[in-house]
>>> print(open('run_17.cif').read())   # mmCIF, C-alpha atoms and all ligand atoms
data_upload
#
loop_
_atom_site.label_atom_id
_atom_site.label_comp_id
_atom_site.auth_asym_id
_atom_site.auth_seq_id
_atom_site.Cartn_x
_atom_site.Cartn_y
_atom_site.Cartn_z
CA MET R 1 107.43 83.28 74.24
CA ALA R 2 103.70 83.77 73.81
CA SER R 3 101.98 84.92 76.99
CA PRO R 4 99.38 82.56 78.43
CA SER R 5 95.83 83.39 77.52
CA PHE R 6 93.63 83.30 80.59
CA ARG R 7 89.90 82.71 80.58
CA THR R 8 87.21 82.73 83.23
CA PRO R 9 87.41 79.63 85.48
CA LYS R 10 85.04 76.79 84.58
CA GLY R 11 81.48 77.51 85.67
CA THR R 12 82.02 81.27 85.98
CA ARG R 13 81.42 84.06 83.51
CA ASP R 14 82.09 87.73 82.92
CA ILE R 15 78.97 89.84 83.00
CA LEU R 16 79.68 92.66 80.60
CA PRO R 17 78.26 96.21 80.40
CA GLY R 18 74.62 96.14 79.37
CA GLU R 19 73.91 92.81 81.06
CA ALA R 20 75.61 93.95 84.26
CA GLU R 21 73.41 97.06 84.39
CA ARG R 22 70.37 94.89 83.80
CA GLN R 23 71.41 92.64 86.69
CA ARG R 24 71.94 95.63 88.95
CA ASP R 25 68.57 97.06 87.97
CA LEU R 26 66.96 93.74 88.93
CA VAL R 27 68.70 93.70 92.30
CA ASN R 28 67.69 97.33 92.95
CA ARG R 29 64.08 96.55 92.19
CA PHE R 30 64.14 93.67 94.60
CA GLY R 31 65.82 95.80 97.27
CA GLU R 32 63.23 98.53 96.88
CA ARG R 33 60.38 96.05 97.15
CA ALA R 34 61.97 94.52 100.25
CA ARG R 35 62.45 97.99 101.78
CA LEU R 36 58.78 98.80 101.20
CA ASN R 37 57.92 95.60 103.05
CA GLY R 38 59.99 96.59 106.07
CA PHE R 39 63.20 94.67 105.34
CA GLY R 40 66.64 96.11 106.09
CA HIS R 41 69.66 95.34 103.93
CA VAL R 42 72.31 93.02 105.39
CA VAL R 43 75.79 92.37 104.00
CA THR R 44 77.82 89.48 105.38
CA PRO R 45 81.29 88.22 104.38
CA ILE R 46 81.67 86.15 101.26
CA PHE R 47 83.60 83.55 103.28
CA GLU R 48 82.86 82.16 106.72
CA ASP R 49 84.15 79.47 109.05
CA LEU R 50 83.43 76.17 107.37
CA GLY R 51 81.39 75.15 110.43
CA VAL R 52 78.71 77.74 109.62
CA PHE R 53 77.87 75.86 106.46
CA LYS R 54 78.37 72.37 107.85
CA ARG R 55 75.18 73.03 109.81
CA LEU R 56 73.27 73.02 106.52
CA GLY R 57 73.30 69.25 106.81
CA GLU R 58 75.62 66.35 106.26
CA SER R 59 73.42 64.77 103.62
CA THR R 60 73.22 67.68 101.22
CA ASP R 61 75.41 67.83 98.12
CA VAL R 62 75.95 71.53 98.78
CA VAL R 63 77.89 70.61 101.93
CA THR R 64 79.46 67.27 101.08
CA LYS R 65 80.50 67.73 97.47
CA GLU R 66 80.17 71.32 96.34
CA MET R 67 81.80 73.47 99.00
CA TYR R 68 84.69 75.72 98.03
CA ASP R 69 86.51 75.18 101.31
CA PHE R 70 90.10 76.05 102.05
CA GLU R 71 92.59 76.56 104.83
CA ASP R 72 93.65 80.17 105.39
CA LYS R 73 97.20 81.19 106.24
CA ASP R 74 96.48 80.65 109.95
CA GLY R 75 95.27 77.13 109.30
CA ARG R 76 91.57 77.92 109.84
CA ARG R 77 89.04 75.98 107.79
CA MET R 78 87.05 78.48 105.77
CA ALA R 79 84.57 78.27 102.90
CA LEU R 80 83.19 80.54 100.22
CA ARG R 81 79.49 80.80 100.97
CA PRO R 82 77.30 78.39 98.99
CA GLU R 83 74.15 80.23 100.13
CA LEU R 84 73.27 83.08 102.46
CA THR R 85 70.75 81.78 104.98
CA ALA R 86 73.43 80.24 107.18
CA SER R 87 75.47 83.47 107.10
CA VAL R 88 72.41 85.56 107.98
CA VAL R 89 71.53 83.28 110.88
CA ARG R 90 75.17 83.35 112.03
CA ALA R 91 74.96 87.19 111.94
CA PHE R 92 71.69 87.05 113.88
CA VAL R 93 73.24 84.87 116.57
CA GLN R 94 76.29 87.15 116.74
CA HIS R 95 74.42 90.47 116.98
CA ARG R 96 71.13 89.48 118.66
CA PRO R 97 69.02 92.19 116.94
CA GLN R 98 65.47 93.04 117.95
CA LEU R 99 62.82 90.58 116.85
CA PRO R 100 61.43 90.05 114.36
CA TRP R 101 64.57 90.59 112.31
CA LYS R 102 63.65 91.18 108.67
CA VAL R 103 66.57 91.42 106.26
CA TRP R 104 67.27 91.13 102.55
CA TYR R 105 70.53 90.41 100.77
CA GLU R 106 72.17 89.99 97.42
CA GLY R 107 75.45 88.69 96.14
CA PRO R 108 77.51 85.88 94.67
CA GLN R 109 77.38 82.28 95.92
CA PHE R 110 79.80 79.48 95.14
CA ARG R 111 79.10 75.80 94.54
CA TYR R 112 81.37 73.30 92.88
CA GLU R 113 78.67 72.02 90.56
CA LYS R 114 78.74 70.52 87.10
CA PRO R 115 78.27 73.64 84.97
CA GLN R 116 75.49 73.76 82.39
CA ALA R 117 73.02 76.34 81.09
CA GLY R 118 71.63 78.14 84.14
CA ARG R 119 73.95 76.28 86.54
CA TYR R 120 77.22 77.93 87.44
CA ARG R 121 79.95 77.63 90.05
CA GLN R 122 79.60 81.29 90.87
CA PHE R 123 76.05 82.60 90.66
CA SER R 124 74.13 85.43 92.16
CA GLN R 125 71.21 85.33 94.57
CA ILE R 126 68.81 87.81 96.08
CA GLY R 127 66.87 86.78 99.14
CA ALA R 128 65.08 87.69 102.32
CA GLU R 129 64.88 86.21 105.81
CA VAL R 130 62.66 86.80 108.84
CA LEU R 131 63.84 85.58 112.24
CA GLY R 132 61.82 85.60 115.41
CA THR R 133 58.29 84.55 114.56
CA ASN R 134 56.49 81.36 113.75
CA ASP R 135 53.38 83.16 112.49
CA GLY R 136 52.15 81.59 109.23
CA ALA R 137 51.30 85.07 107.98
CA VAL R 138 55.03 85.78 107.65
CA ASP R 139 55.46 82.71 105.46
CA ALA R 140 52.70 83.97 103.17
CA GLU R 141 53.99 87.56 103.16
CA LEU R 142 57.50 86.43 102.24
CA ILE R 143 56.16 84.32 99.43
CA ALA R 144 54.09 87.32 98.29
CA LEU R 145 57.23 89.48 98.24
CA ALA R 146 58.89 87.14 95.74
CA TRP R 147 55.69 86.59 93.79
CA HIS R 148 55.06 90.29 93.24
CA PHE R 149 58.70 90.85 92.39
CA PHE R 150 58.42 88.32 89.56
CA ALA R 151 55.19 89.96 88.37
CA ASP R 152 56.89 93.37 88.49
CA LEU R 153 59.58 92.10 86.10
CA GLY R 154 56.81 91.03 83.74
CA LEU R 155 57.22 87.27 84.28
CA ALA R 156 53.88 85.57 83.73
CA LYS R 157 54.87 81.90 83.59
CA VAL R 158 55.93 81.33 87.18
CA ARG R 159 54.33 78.68 89.37
CA LEU R 160 54.50 78.55 93.15
CA LEU R 161 54.97 75.05 94.57
CA LEU R 162 54.15 74.69 98.24
CA ASN R 163 54.65 71.99 100.85
CA SER R 164 55.02 71.49 104.57
CA LEU R 165 57.78 69.29 105.94
CA GLY R 166 56.34 69.18 109.46
CA ASP R 167 58.67 69.40 112.43
CA GLN R 168 59.99 67.28 115.33
CA SER R 169 56.40 66.66 116.43
CA CYS R 170 55.59 64.65 113.31
CA ARG R 171 58.56 64.34 110.97
CA PRO R 172 60.17 61.37 112.78
CA GLN R 173 56.98 59.34 112.25
CA TYR R 174 56.93 60.32 108.59
CA LEU R 175 60.63 59.54 108.16
CA ALA R 176 60.09 56.11 109.66
CA ALA R 177 57.17 55.42 107.32
CA LEU R 178 59.13 56.73 104.34
CA THR R 179 62.21 54.68 105.21
CA ASP R 180 60.11 51.52 105.63
CA TYR R 181 58.47 52.18 102.29
CA PHE R 182 61.76 52.72 100.43
CA GLN R 183 63.27 49.66 102.15
CA SER R 184 60.35 47.59 100.90
CA ARG R 185 61.17 48.66 97.33
CA LEU R 186 64.93 48.92 97.69
CA ASP R 187 65.75 46.81 94.61
CA GLU R 188 63.85 49.19 92.37
CA LEU R 189 65.78 52.25 93.48
CA SER R 190 68.91 53.50 91.70
CA GLU R 191 72.21 52.72 93.35
CA GLN R 192 72.67 56.39 94.31
CA SER R 193 69.26 56.54 95.96
CA GLN R 194 69.93 53.32 97.87
CA HIS R 195 72.99 55.05 99.22
CA THR R 196 71.09 58.30 99.97
CA LEU R 197 68.47 56.27 101.86
CA GLN R 198 71.08 55.26 104.41
CA VAL R 199 71.74 58.94 105.19
CA ASN R 200 68.38 60.62 104.76
CA ALA R 201 65.21 59.11 103.29
CA LEU R 202 63.76 62.57 102.60
CA ARG R 203 66.57 63.33 100.19
CA VAL R 204 65.58 60.33 98.05
CA LEU R 205 62.44 62.30 97.16
CA ASP R 206 64.76 64.84 95.56
CA SER R 207 66.14 62.30 93.06
CA LYS R 208 65.53 63.24 89.44
CA ARG R 209 66.77 59.88 88.15
CA PRO R 210 64.13 58.25 85.92
CA GLN R 211 64.65 54.85 87.55
CA ASP R 212 63.46 56.23 90.90
CA GLN R 213 60.39 58.10 89.73
CA ASP R 214 57.82 55.34 89.99
CA VAL R 215 58.86 54.44 93.53
CA ILE R 216 58.91 58.12 94.53
CA ASP R 217 55.49 58.78 93.01
CA GLN R 218 53.91 56.18 95.28
CA ALA R 219 55.79 57.13 98.45
CA PRO R 220 53.88 58.34 101.52
CA VAL R 221 53.66 62.14 101.68
CA MET R 222 54.46 64.43 104.60
CA VAL R 223 51.19 66.37 104.45
CA ASP R 224 49.36 63.18 105.51
CA PHE R 225 51.50 63.01 108.65
CA LEU R 226 51.29 66.61 109.87
CA SER R 227 50.58 67.00 113.59
CA PRO R 228 47.58 69.19 114.58
CA ASP R 229 49.97 72.06 115.25
CA THR R 230 51.95 71.90 111.99
CA GLY R 231 48.73 71.12 110.10
CA GLU R 232 47.13 74.30 111.46
CA HIS R 233 50.29 76.25 110.61
CA PHE R 234 50.21 75.03 107.03
CA ALA R 235 46.51 75.87 106.80
CA SER R 236 47.20 79.42 108.01
CA VAL R 237 49.88 79.92 105.34
CA ARG R 238 47.47 78.77 102.65
CA ARG R 239 44.65 80.90 104.06
CA VAL R 240 46.73 84.10 103.87
CA LEU R 241 48.01 83.20 100.38
CA ASP R 242 44.37 82.79 99.32
CA ARG R 243 43.52 86.19 100.85
CA LEU R 244 46.45 87.75 98.97
CA GLY R 245 45.26 86.15 95.74
CA ILE R 246 48.49 84.21 95.17
CA PRO R 247 47.94 80.91 93.38
CA TYR R 248 49.91 77.85 94.49
CA GLU R 249 50.17 74.14 93.86
CA ILE R 250 50.60 71.78 96.77
CA SER R 251 53.69 69.78 95.91
CA PRO R 252 53.89 67.01 98.50
CA ARG R 253 57.32 65.78 97.38
CA LEU R 254 59.02 69.15 97.48
CA VAL R 255 61.81 68.65 100.03
CA ARG R 256 64.40 71.16 98.78
CA GLY R 257 68.14 70.65 98.78
CA LEU R 258 69.13 71.68 102.29
CA ASP R 259 68.54 69.73 105.48
CA TYR R 260 67.49 72.54 107.79
CA TYR R 261 63.95 73.08 106.56
CA THR R 262 60.92 72.59 108.82
CA ARG R 263 57.25 73.29 108.14
CA THR R 264 56.67 75.52 105.10
CA THR R 265 58.82 74.92 102.01
CA PHE R 266 58.26 76.43 98.60
CA GLU R 267 59.81 76.79 95.21
CA PHE R 268 59.18 79.01 92.19
CA ALA R 269 59.24 77.22 88.84
CA ALA R 270 59.65 79.18 85.62
CA ASP R 271 57.78 77.31 82.91
CA ALA R 272 59.56 79.30 80.21
CA LEU R 273 62.80 77.45 81.10
CA THR R 274 63.62 73.81 80.46
CA SER R 275 62.59 71.68 83.39
CA ALA R 276 66.11 70.72 84.54
CA GLN R 277 66.94 74.32 85.38
CA ASN R 278 63.48 75.83 85.91
CA ALA R 279 63.78 76.55 89.65
CA ILE R 280 64.24 80.31 89.90
CA GLY R 281 64.02 80.41 93.67
CA GLY R 282 62.87 78.70 96.78
CA GLY R 283 62.90 78.72 100.51
CA GLY R 284 61.24 77.66 103.68
CA ARG R 285 61.25 77.61 107.47
CA TYR R 286 64.31 76.66 109.43
CA ASN R 287 63.17 76.76 113.02
CA GLY R 288 66.18 74.83 114.31
CA LEU R 289 69.00 76.65 112.56
CA ALA R 290 69.64 79.51 115.04
CA GLY R 291 69.92 76.93 117.84
CA ASP R 292 72.26 74.79 115.71
CA LEU R 293 74.53 77.78 115.24
CA GLY R 294 74.82 78.35 118.98
CA GLY R 295 72.05 80.92 119.40
CA PRO R 296 68.75 80.91 121.25
CA ASP R 297 66.02 78.76 119.77
CA THR R 298 64.51 81.17 117.24
CA PRO R 299 62.11 80.41 114.42
CA GLY R 300 63.07 81.67 110.99
CA ILE R 301 61.99 81.60 107.38
CA GLY R 302 63.51 82.84 104.17
CA PHE R 303 63.99 82.40 100.46
CA ALA R 304 66.70 82.84 97.88
CA LEU R 305 66.12 83.61 94.22
CA GLY R 306 68.65 82.90 91.47
CA VAL R 307 69.41 86.15 89.66
CA ASP R 308 71.07 84.46 86.67
CA ARG R 309 68.12 82.15 86.16
CA ILE R 310 65.51 84.87 86.63
CA LEU R 311 67.21 86.78 83.81
CA LEU R 312 67.17 83.64 81.65
CA ALA R 313 63.44 83.34 82.35
CA CYS R 314 63.01 87.02 81.42
CA ASP R 315 64.84 86.37 78.13
CA ALA R 316 62.60 83.38 77.45
CA GLU R 317 59.46 85.43 78.14
CA HIS R 318 60.84 88.51 76.34
CA VAL R 319 60.36 90.77 79.34
CA PHE R 320 62.66 93.02 81.39
CA ALA R 321 65.04 93.56 78.50
CA GLY R 322 66.97 96.18 80.47
CA SER R 323 67.48 99.66 79.15
CA ALA R 324 70.35 100.34 76.79
CA SER R 325 72.44 102.95 78.51
CA ALA R 326 72.80 105.36 75.58
CA THR R 327 75.03 108.35 76.10
CA ASP R 328 73.16 111.65 76.04
CA VAL R 329 75.87 113.78 74.50
CA PHE R 330 79.06 113.31 72.46
CA ILE R 331 81.65 116.08 72.56
CA VAL R 332 83.47 116.78 69.30
CA ASP R 333 86.52 118.87 70.20
CA VAL R 334 88.87 120.00 67.45
CA THR R 335 90.86 122.36 69.66
CA GLY R 336 93.11 119.64 71.08
CA GLY R 337 90.84 117.81 73.50
CA ASP R 338 91.29 119.68 76.79
CA GLU R 339 87.95 121.46 76.42
CA ALA R 340 86.20 118.10 75.93
CA SER R 341 87.54 116.96 79.32
CA VAL R 342 86.15 120.07 80.96
CA ILE R 343 82.74 119.83 79.27
CA VAL R 344 82.34 116.08 79.99
CA GLY R 345 82.98 116.84 83.67
CA GLN R 346 80.48 119.73 83.72
CA LEU R 347 77.79 117.67 82.06
CA ALA R 348 78.31 114.67 84.34
CA ALA R 349 78.03 116.97 87.37
CA ALA R 350 74.69 118.16 85.98
CA GLY R 351 73.45 114.58 85.47
CA ILE R 352 73.94 114.49 81.69
CA SER R 353 75.94 111.51 80.46
CA ALA R 354 78.62 112.41 77.98
CA SER R 355 81.34 110.76 75.98
CA ARG R 356 84.15 111.94 73.72
CA ALA R 357 86.92 110.78 71.39
CA TYR R 358 90.62 110.77 72.28
CA ASP R 359 93.98 111.06 70.56
CA GLN R 360 93.16 114.32 68.74
CA ARG R 361 91.37 112.57 65.95
CA SER R 362 90.04 114.44 62.92
CA MET R 363 86.63 116.07 63.05
CA LYS R 364 85.32 113.46 60.60
CA ALA R 365 86.58 110.60 62.76
CA GLN R 366 85.07 112.21 65.87
CA PHE R 367 81.68 112.51 64.16
CA ARG R 368 81.89 108.85 63.16
CA ALA R 369 82.53 107.98 66.80
CA ALA R 370 79.61 110.21 67.83
CA ASP R 371 77.31 108.32 65.45
CA LYS R 372 78.50 104.95 66.75
CA SER R 373 77.98 105.99 70.36
CA GLY R 374 74.23 106.41 69.80
CA ALA R 375 74.40 109.82 71.51
CA ARG R 376 71.30 111.93 71.16
CA CYS R 377 73.15 115.18 70.68
CA ALA R 378 76.62 116.42 69.75
CA VAL R 379 78.40 119.40 71.29
CA ILE R 380 81.04 120.77 68.93
CA ILE R 381 83.88 123.04 69.87
CA GLY R 382 86.41 124.45 67.39
CA ASP R 383 88.89 127.33 67.59
CA ASP R 384 86.28 129.99 66.72
CA GLU R 385 83.89 128.76 69.39
CA LEU R 386 86.70 128.56 71.91
CA ALA R 387 87.62 132.19 71.25
CA ALA R 388 83.98 133.30 71.44
CA GLY R 389 83.18 131.30 74.62
CA THR R 390 80.53 129.28 72.81
CA VAL R 391 79.86 125.73 71.55
CA THR R 392 77.62 124.38 68.82
CA VAL R 393 74.78 122.06 69.87
CA ARG R 394 73.65 119.66 67.16
CA PRO R 395 70.77 117.22 67.79
CA MET R 396 71.54 113.79 66.30
CA GLN R 397 68.15 112.20 66.96
CA GLY R 398 64.55 113.42 66.84
CA GLU R 399 62.80 115.63 64.30
CA ASN R 400 64.60 118.94 64.68
CA ARG R 401 68.27 118.60 63.66
CA ASP R 402 69.02 122.37 63.48
CA GLN R 403 72.28 123.27 65.16
CA THR R 404 72.64 126.32 67.37
CA ALA R 405 75.48 128.30 68.89
CA VAL R 406 75.21 128.38 72.68
CA GLY R 407 77.23 130.31 75.27
CA ARG R 408 79.36 128.05 77.53
CA ASP R 409 77.63 129.56 80.58
CA THR R 410 74.17 128.51 79.40
CA LEU R 411 75.20 125.13 77.93
CA ILE R 412 73.65 122.97 80.63
CA GLU R 413 70.34 124.78 80.44
CA GLN R 414 70.22 124.63 76.64
CA LEU R 415 71.29 120.99 76.47
CA SER R 416 68.70 119.93 79.04
CA LYS R 417 66.01 121.54 76.92
CA THR R 418 67.31 120.06 73.65
CA LEU R 419 67.56 116.56 75.19
CA SER R 420 64.08 116.81 76.63
CA ASP R 421 62.71 117.89 73.20
CA ILE R 422 64.47 114.92 71.56
CA ARG R 423 63.06 112.51 74.17
CA LYS R 424 59.56 113.79 73.52
CA THR R 425 59.78 113.18 69.78
CA LEU R 426 61.22 109.68 70.39
CA THR R 427 58.45 108.45 72.65
P1 LIG X 1 69.01 77.12 96.78
O1 LIG X 1 69.91 78.02 97.60
O2 LIG X 1 69.67 75.84 96.37
O3 LIG X 1 67.65 76.98 97.38
O4 LIG X 1 68.79 77.89 95.40
C1 LIG X 1 67.96 79.00 95.25
C2 LIG X 1 67.99 79.42 93.80
O5 LIG X 1 69.31 79.80 93.43
C3 LIG X 1 67.63 78.31 92.84
O6 LIG X 1 66.24 78.22 92.68
C4 LIG X 1 68.31 78.77 91.56
O7 LIG X 1 67.50 79.73 90.89
C5 LIG X 1 69.55 79.45 92.08
N1 LIG X 1 70.71 78.55 91.97
C6 LIG X 1 71.07 77.55 92.82
N2 LIG X 1 72.21 76.96 92.41
C7 LIG X 1 72.58 77.60 91.27
C8 LIG X 1 73.69 77.47 90.36
N3 LIG X 1 74.64 76.56 90.55
N4 LIG X 1 73.74 78.30 89.29
C9 LIG X 1 72.77 79.23 89.08
N5 LIG X 1 71.73 79.40 89.91
C10 LIG X 1 71.62 78.61 90.98
#
>>> encode(input="run_17.cif", output="structure tokens")
Amino acid sequence: MASPSFRTPKGTRDILPGEAERQRDLVNRFGERARLNGFGHVVTPIFEDLGVFKRLGESTDVVTKEMYDFEDKDGRRMALRPELTASVVRAFVQHRPQLPWKVWYEGPQFRYEKPQAGRYRQFSQIGAEVLGTNDGAVDAELIALAWHFFADLGLAKVRLLLNSLGDQSCRPQYLAALTDYFQSRLDELSEQSQHTLQVNALRVLDSKRPQDQDVIDQAPVMVDFLSPDTGEHFASVRRVLDRLGIPYEISPRLVRGLDYYTRTTFEFAADALTSAQNAIGGGGRYNGLAGDLGGPDTPGIGFALGVDRILLACDAEHVFAGSASATDVFIVDVTGGDEASVIVGQLAAAGISASRAYDQRSMKAQFRAADKSGARCAVIIGDDELAAGTVTVRPMQGENRDQTAVGRDTLIEQLSKTLSDIRKTLT
């Protein structure tokens, strides 16, 4: 009977060598930038009590339709995390660290979405959160962290969209005005938006359905309803962004997909991607979330960036191609193969990457493999060399291809020099 052939589950993908290194390089760059800005690294579990995520809001698709929730063997309701802010705030409430708490994170998220290009059921995010201050300067500094990270990758076609959603001091008035407005034009709204309106009028602004666009375009906007306090906060965020030289567009209908946001919200749009999937990151303030999760009332702000989509944007802009991880050295061993194992180990310990052939293949076959590997240099060992305690070093790239006999005890030294000479002629 033929064995079943398994494939990745729908909406997931294997990230193979080459692309996986590129992804890790991206994450490392982000982590380094975050570290330089005073952020510590936090790692939380991939699954949490379902209740942690329920707090994201009962009117968001992420919670109502897309959660990978399950019952564990003890009958507890758990969920794979759909995002990391809730987990980070849960960790904050659990550990009560010193304020302000500045942390960054990375890792896979899970949402039961309809898969398409740039939209997966398992995807990777990097992000940063600051808990413990309401200062608008933090909002601007966080935004700057992401902005400079994109620039560092070489992305030039990224736009920052900025909005303020107010807070309890003014949002209820806005919500009432917005609800009245949508009610007055109810017949023109799509059926889905009519339904959404009953749960949360703000979420209607999120609708991408063409039928709703005209009504949405004429809807009242939050920035006209900001209280003096939230208005001043928004002004301070913009002032610092101006001082930092970061361009932004005020986007009065930017409400974002999760219910917990207050005050500043923002999104990064990559113009090199098609508009349906052009959001490469976003975030905002969530001053009520720590309280909702059972902690002390603590202001917070954060963002998450989509690693998969950032890499798509890099492809589209032809930047951050990632470096091909070519092997430095290929060992051709015609004495049986044991020496190759020893030499590969010695070279790796000295920081020189090395590869070899197996199964005692012929010298010709080993050289073919060496060529295919893209190695810069071959190290050859035959019976004569073995007896004499030497190897032959043969450059396979660069100008000088002369081979030399080298004592085993000076191999590392010689190879380092040969590789450095080859690198010089290649650059
Ligand atoms: P959110 O947590 O919804 O604010 O998303 C933050 C970023 O994560 C988005 O701007 C996207 O770049 C990325 N993202 C969200 N959902 C997905 C998904 N299903 N597949 C790939 N990337 C995603």
>>> residues_around(input="run_17.cif", residues="region 329-343 of chain R", least_positions_apart="5", cutoff="12 Å", atoms="only C-alpha atoms", output="VMD selection string")
chain R and resid 348 to 387 389 to 397 408 to 409 411 to 412 415 to 416 418 to 419 422
>>> residues_near_ligand(input="run_17.cif", ligand="ligand LIG 1 (chain X)", cutoff="7 Å", atoms="all atoms listed in the file", output="PDB file with C-alpha atoms, in the coordinates of the input")
ATOM      1  CA  GLU R  83      74.150  80.230 100.130  1.00  0.00           C
ATOM      2  CA  ARG R 111      79.100  75.800  94.540  1.00  0.00           C
ATOM      3  CA  GLU R 113      78.670  72.020  90.560  1.00  0.00           C
ATOM      4  CA  GLY R 118      71.630  78.140  84.140  1.00  0.00           C
ATOM      5  CA  ARG R 119      73.950  76.280  86.540  1.00  0.00           C
ATOM      6  CA  TYR R 120      77.220  77.930  87.440  1.00  0.00           C
ATOM      7  CA  ARG R 121      79.950  77.630  90.050  1.00  0.00           C
ATOM      8  CA  GLN R 122      79.600  81.290  90.870  1.00  0.00           C
ATOM      9  CA  PHE R 123      76.050  82.600  90.660  1.00  0.00           C
ATOM     10  CA  SER R 124      74.130  85.430  92.160  1.00  0.00           C
ATOM     11  CA  GLN R 125      71.210  85.330  94.570  1.00  0.00           C
ATOM     12  CA  ARG R 256      64.400  71.160  98.780  1.00  0.00           C
ATOM     13  CA  GLY R 257      68.140  70.650  98.780  1.00  0.00           C
ATOM     14  CA  ALA R 279      63.780  76.550  89.650  1.00  0.00           C
ATOM     15  CA  ILE R 280      64.240  80.310  89.900  1.00  0.00           C
ATOM     16  CA  GLY R 281      64.020  80.410  93.670  1.00  0.00           C
ATOM     17  CA  GLY R 282      62.870  78.700  96.780  1.00  0.00           C
ATOM     18  CA  GLY R 283      62.900  78.720 100.510  1.00  0.00           C
ATOM     19  CA  ALA R 304      66.700  82.840  97.880  1.00  0.00           C
ATOM     20  CA  LEU R 305      66.120  83.610  94.220  1.00  0.00           C
ATOM     21  CA  GLY R 306      68.650  82.900  91.470  1.00  0.00           C
ATOM     22  CA  VAL R 307      69.410  86.150  89.660  1.00  0.00           C
ATOM     23  CA  ASP R 308      71.070  84.460  86.670  1.00  0.00           C
ATOM     24  CA  ARG R 309      68.120  82.150  86.160  1.00  0.00           C
ATOM     25  CA  ILE R 310      65.510  84.870  86.630  1.00  0.00           C
TER      26      ILE R 310
END
>>> closest_residue(input="run_17.cif", among="R:Thr265, R:Gln213, R:Arg22, R:Pro228", to="Ala321 (chain R)", atoms="all atoms listed in the file")
R:Arg22
>>> atom_distance(input="run_17.cif", atom1="CA of Val43 (chain R)", atom2="CA of Ser87 (chain R)")
9.4 Å
>>> atom_distance(input="run_17.cif", atom1="CA of Val62 (chain R)", atom2="CA of Ser169 (chain R)")
26.8 Å
>>> closest_residue(input="run_17.cif", among="R:Asp61, R:Asp229, R:Glu141, R:Glu399", to="Thr196 (chain R)", atoms="all atoms listed in the file")
R:Asp61
>>> residues_around(input="run_17.cif", residues="Phe150 (chain R)", least_positions_apart="4", cutoff="10 Å", atoms="only C-alpha atoms", output="PDB file with C-alpha atoms, keeping the file's coordinate frame")
ATOM      1  CA  PHE R  30      64.140  93.670  94.600  1.00  0.00           C
ATOM      2  CA  ALA R 144      54.090  87.320  98.290  1.00  0.00           C
ATOM      3  CA  LEU R 145      57.230  89.480  98.240  1.00  0.00           C
ATOM      4  CA  ALA R 146      58.890  87.140  95.740  1.00  0.00           C
ATOM      5  CA  GLY R 154      56.810  91.030  83.740  1.00  0.00           C
ATOM      6  CA  LEU R 155      57.220  87.270  84.280  1.00  0.00           C
ATOM      7  CA  ALA R 156      53.880  85.570  83.730  1.00  0.00           C
ATOM      8  CA  LYS R 157      54.870  81.900  83.590  1.00  0.00           C
ATOM      9  CA  VAL R 158      55.930  81.330  87.180  1.00  0.00           C
ATOM     10  CA  PHE R 268      59.180  79.010  92.190  1.00  0.00           C
ATOM     11  CA  ILE R 280      64.240  80.310  89.900  1.00  0.00           C
ATOM     12  CA  ILE R 310      65.510  84.870  86.630  1.00  0.00           C
ATOM     13  CA  CYS R 314      63.010  87.020  81.420  1.00  0.00           C
TER      14      CYS R 314
END
>>> closest_residue(input="run_17.cif", among="R:Gly11, R:Gly288, R:Pro172, R:Pro100", to="Phe39 (chain R)", atoms="all atoms listed in the file")
R:Pro100
>>> atom_distance(input="run_17.cif", atom1="CA of Pro45 (chain R)", atom2="CA of Arg81 (chain R)")
8.4 Å
>>> closest_residue(input="run_17.cif", among="R:His318, R:His148, R:Lys102, R:Arg185", to="Leu244 (chain R)", atoms="all atoms listed in the file")
R:His148
>>> residues_around(input="run_17.cif", residues="Asp49 (chain R)", least_positions_apart="4", cutoff="7 Å", atoms="all atoms listed in the file", output="list in words")
Arg77, Met78 and Ala79 of chain R
>>> write_last_selection(input="run_17.cif", atoms="C-alpha atoms", output="PDB file, in the frame of the given file")
ATOM      1  CA  ARG R  77      89.040  75.980 107.790  1.00  0.00           C
ATOM      2  CA  MET R  78      87.050  78.480 105.770  1.00  0.00           C
ATOM      3  CA  ALA R  79      84.570  78.270 102.900  1.00  0.00           C
TER       4      ALA R  79
END
>>> closest_residue(input="run_17.cif", among="R:Asn287, R:Ser275, R:Ser193, R:Gln198", to="Thr133 (chain R)", atoms="all atoms listed in the file")
R:Asn287
>>> closest_residue(input="run_17.cif", among="R:Leu36, R:Leu165, R:Ile15, R:Val130", to="Gly302 (chain R)", atoms="all atoms listed in the file")
R:Val130
>>> residues_near_point(input="run_17.cif", point="(67.9, 90.5, 107.4)", cutoff="7 Å", atoms="all atoms listed in the file", output="list of chain:residue names")
R:Phe39, R:Gly40, R:His41, R:Val42, R:Val88, R:Trp101, R:Lys102, R:Val103, R:Trp104, R:Ala128, R:Glu129, R:Val130
>>> residues_near_point(input="run_17.cif", point="(63.8, 83.7, 110.6)", cutoff="6 Å", atoms="only C-alpha atoms", output="MDAnalysis selection string")
chainID R and resid 129:132 299:301
>>> write_last_selection(input="run_17.cif", atoms="C-alpha atoms", output="PDB file, in the frame of the given file")
ATOM      1  CA  GLU R 129      64.880  86.210 105.810  1.00  0.00           C
ATOM      2  CA  VAL R 130      62.660  86.800 108.840  1.00  0.00           C
ATOM      3  CA  LEU R 131      63.840  85.580 112.240  1.00  0.00           C
ATOM      4  CA  GLY R 132      61.820  85.600 115.410  1.00  0.00           C
ATOM      5  CA  PRO R 299      62.110  80.410 114.420  1.00  0.00           C
ATOM      6  CA  GLY R 300      63.070  81.670 110.990  1.00  0.00           C
ATOM      7  CA  ILE R 301      61.990  81.600 107.380  1.00  0.00           C
TER       8      ILE R 301
END
